[in-house]
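Note sheet for the following structure.
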Amino acid sequence: MTALPIPIAIVAVVVLGTIAFALLAVRKVGNDPTQFILGGRSFGVLFLWVLMGGELYTTFTFLGIAGWVYGRGAEIYYVLAVGGAAYVVAYLYLPRLWRFAKERDLLTFGDFFAARYESRGFGAITALLSTFTEALALLVYLTGLQIILGIAGLGAIDATQAVLVAFVLVTLFVFTAGLRGMAWASIVKDALMLGGIATVGFVLPIAFFGSPSAMLAHAIASRPQAFTMGAWTAGNGKLWFISTATLNAVGFFGGVNAVAATYAARSEETVRRNAVLLPLYSLMIVPMFFAGYTASLVLPGLHGTQSDSAYLRVLQAHFPLALLGLVCAAGTLAGVLPSATRLLAAASQLMKNVLDDIFGIAKSGAAQTWATRAFIVLIASIALLLWVFLKASLVDLLLFVNNGQIQFLPGIMFGLFWKRVSLIPVATGLLIGEIAALGLTMHPAPLAGLNPGFVAGALNAATVVILTLVRSPGRAKKSAAQPSTGSG
């Protein structure tokens with residue numbers, strides 16, 4: 001039997017070792033759905049920090065940022081602006097969301113909409129829609145894994161088959177370990193990812209140019225257009241930059257996985273402290289800019305989705321294979337673990353908000369846990385099928401997913417901070433927003449350079465505000481689920 005190439009062998013050892021470590025740390029999850037889905041609502045600052053950070057900084061951070069720096073340049077700087085604002089939003093709203101969920105014993109993302117707007121049907125609709133966007137989000141990780149494992153395999157293995165094996169492993173892992181197991185695994189993943197990003201972000205420019213500053217001087221001289229934005233109304237110009245940064249900053253913590261992680265926190269203070277500490281993860285971003293610019297100088301000429309793998313190709317050609325293996329192992333964990341949390345969050349919604357709330361099936365704790373596990377396998381299978389037929393760059397995929405996910409945010413924000421808002425305005429806004437997001441993404445129209453998701457989200461929010469204001473207070477259903485007052 002032919003031996004595995006060194007890099008892919010290192011990837012296999014690291015991934016299997018991380019899974020084994022997490023399973024040993026968890027030992028036995030049992031069949032309590034709260035333990036399986038939310039880790040018993042007991043996560044302290046460290047667990048919550050690595051879990052949320054690990055979900056938010058993934059293969060997009062590891063590959064997509066450098067890939068867009070390589071191919072397009074300064075447009076990707078929007079991610080720095082996102083980090084600067086998103087954590088402020090998180091500090092203001094996540095503690096209130098946790099309090100709301102704790103008081104009502106909420107288990108899933110869809111539970112929020114069902115409780116706040118007093119409609120299990122609406123909870124089921126939001127669960128189905130958000131599960132679809134979660135399945136699309138998994139494509140980001142699968143695409144990233146294909147790039148990483150293809151490079152690590154040195155052409156000796158089929159990258160698609162390697163992705164299938166990796167995704168089967170992650171499905172079995174989340175099936176067995178639940179959220180607590182993923183938190184333990186995230187500790188290993190984040191440590192390796194920090195090391196890998198520091199390596200490629202600083203070792204590459206130092207090796208080829210002597211220092212990051214010298215590399216940037218070369219890049220500015222040879223690619224000045226990669227350091228400037230386009231005209232205000234140009235595609236991916238200044239208005240696009242502002243609207244994309246605003247859209248992602250406001251919606252950064254509004255996704256299914258971020259909401260589920262918030263529910264898992266031990267206390268409101270834990271959530272607040274976590275929002276203060278999460279900006280440390282932004283340290284991962286700038287080194288990826290260095291990696292992208294270095295790769296564009298050392299290995300120019302890559303186009304399309306090949307740009308996502310540019311700096312890994314430089315590592316493959318010029319550095320020891322063991323180093324390539326360690327970096328690829330970190331990138332693989334950056335794909336498989338966030339996939340696991342999204343699978344769990346999406347599957348738990350189908351169990352709770354559709355199977356239980358609508359059809360009255362899976363009422364006992366054990367039945368709910370096993371139904372969640374069954375949906376994990378189903379969603380993973382659907383995501384793999386979608387991945388086979390949909391191909392796009394990592395950044396383009398992520399922006400497409402975000403355009404759909406952001407449409408849930410008005411219902412969350414208005415629901416938490418505006419007592420008068422009710423079901424009809426929020427449901428109508430969600431419908432208009434999702435239709436606009438899909439239409440503008442599939443059939444782009446001149447929008448003066450604005451991000452399509454931003455336009456769709458603005459239409460969504462405006463619809464909620466207008467319908468709420470024109471409906472008399474007496475007709476607006478007064479929700480008993482209104483959050484209690486307090487700090488945060």
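In the structure tokens, chains take the letters A, B, ... in the order shown, each chain's residues start at 1, and ligands count up from 1 in the order shown.
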Hey, what's within 6 Å of segment 115-124 of chain A if we count only C-alpha atoms and toss same-chain stuff fewer than 3 positions away? As a ChimeraX atom specification, please?
/A:110-112,127,353-354,423,481
I'd like the contact shell of Leu145 of chain A - 12 Å cut-off, only C-alpha atoms, skipping same-chain residues fewer than 6 positions apart - returned as an NGL selection string.
:A and (8 or 11 or 58-60 or 62-64 or 138-139 or 151-153 or 159-167 or 308-309 or 328-339 or 387 or 394)
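Between atom CA of Thr244 of chain A and atom CA of Ala310 of chain A there is a distance of 24.6 Å.
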Rounded to one decimal in Å, what is the spacing between atom CA of Val276 of chain A and atom CA of Pro95 of chain A?
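Distance reported for this atom pair: 11.9 Å.
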With distances taken over only C-alpha atoms, which of A:Val29, A:Ala340, A:Leu459, A:Ile157 is nearest to Thr369 of chain A?
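Using only C-alpha atoms, Thr369 of chain A sits closest to A:Val29.
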Could you list, with a cut-off of 9 Å and counting only C-alpha atoms, the residues of segment 270-316 of chain A near segment 34-45 of chain A, each shown with its nearest atom pair and the distance in Å rounded to one decimal, rows sorted by chain and ascending number, as a Markdown table?
```
| residue | atom | partner | partner_atom | distance |
| --- | --- | --- | --- | --- |
| A:Thr270 | CA | A:Val45 | CA | 5.5 |
| A:Val271 | CA | A:Val45 | CA | 7.5 |
| A:Arg273 | CA | A:Val45 | CA | 7.0 |
| A:Asn274 | CA | A:Val45 | CA | 5.9 |
| A:Leu277 | CA | A:Val45 | CA | 8.9 |
```
Output file for the selection above: N, CA and C atoms, as a short mmCIF file (atom, residue, chain, number, x, y, z; two decimals), in the first residue's frame:
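Done, and the output landed in part-v4.cif:
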```
data_model
loop_
_atom_site.label_atom_id
_atom_site.label_comp_id
_atom_site.auth_asym_id
_atom_site.auth_seq_id
_atom_site.Cartn_x
_atom_site.Cartn_y
_atom_site.Cartn_z
N THR A 270 -21.10 36.30 31.78
CA THR A 270 -20.21 35.53 30.93
C THR A 270 -20.31 35.99 29.48
N VAL A 271 -21.54 36.21 29.02
CA VAL A 271 -21.75 36.68 27.65
C VAL A 271 -21.11 38.05 27.45
N ARG A 273 -18.61 39.50 29.19
CA ARG A 273 -17.15 39.41 29.22
C ARG A 273 -16.61 38.78 27.94
N ASN A 274 -17.34 37.83 27.41
CA ASN A 274 -16.92 37.20 26.16
C ASN A 274 -16.89 38.21 25.02
N LEU A 277 -13.70 40.08 25.18
CA LEU A 277 -12.49 39.33 24.85
C LEU A 277 -12.42 38.90 23.39
#
```
In segment 170-401 of chain A, DSSP helix (DSSP H, G or I) residues written as a ChimeraX atom specification:
/A:170-209,212-222,224-227,238-251,256-263,268-298,304-318,321-356,365-389,394-401
Can you pull out every residue within 6 Å of segment 225-230 of chain A, counting only C-alpha atoms, but drop anything in the same chain fewer than 6 positions away, and send it as number ranges by chain?
A: 73-74, 237
Nearest to Tyr93 of chain A, chosen from A:Ala366, A:Val259, A:Val286, A:Leu239, with only C-alpha atoms counted in the distances
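Smallest separation from Tyr93 of chain A among the options: A:Val259.
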For segment 180-184 of chain A, find every residue with an atom within 7 Å (counting only C-alpha atoms), except residues of its own chain fewer than 5 positions away, and show them as a ChimeraX atom specification.
/A:22-23,26,39,47,50-51,337
Keeping only N, CA and C atoms, write the selected residues as a compact mmCIF listing (two decimals), in the first residue's frame.
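Here's the written file part03.txt:
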```
# COMPACT_ATOMS: atom_id res chain seq x y z
N ALA A 22 -11.25 15.42 22.45
CA ALA A 22 -12.55 15.98 22.81
C ALA A 22 -13.49 14.91 23.36
N LEU A 23 -13.47 13.73 22.74
CA LEU A 23 -14.35 12.65 23.21
C LEU A 23 -13.94 12.18 24.60
N VAL A 26 -15.12 14.82 27.13
CA VAL A 26 -16.57 14.82 27.35
C VAL A 26 -17.02 13.56 28.06
N GLY A 39 -24.78 22.14 25.86
CA GLY A 39 -23.76 21.90 26.88
C GLY A 39 -24.25 22.14 28.28
N PHE A 47 -14.66 28.55 27.56
CA PHE A 47 -15.37 27.70 26.62
C PHE A 47 -16.17 28.55 25.62
N VAL A 50 -13.68 30.32 23.05
CA VAL A 50 -13.13 29.49 21.97
C VAL A 50 -14.24 28.98 21.07
N LEU A 51 -15.43 28.74 21.62
CA LEU A 51 -16.53 28.25 20.80
C LEU A 51 -17.00 29.32 19.83
N LEU A 337 -14.62 21.87 12.48
CA LEU A 337 -15.29 22.17 13.75
C LEU A 337 -16.43 23.17 13.61
```
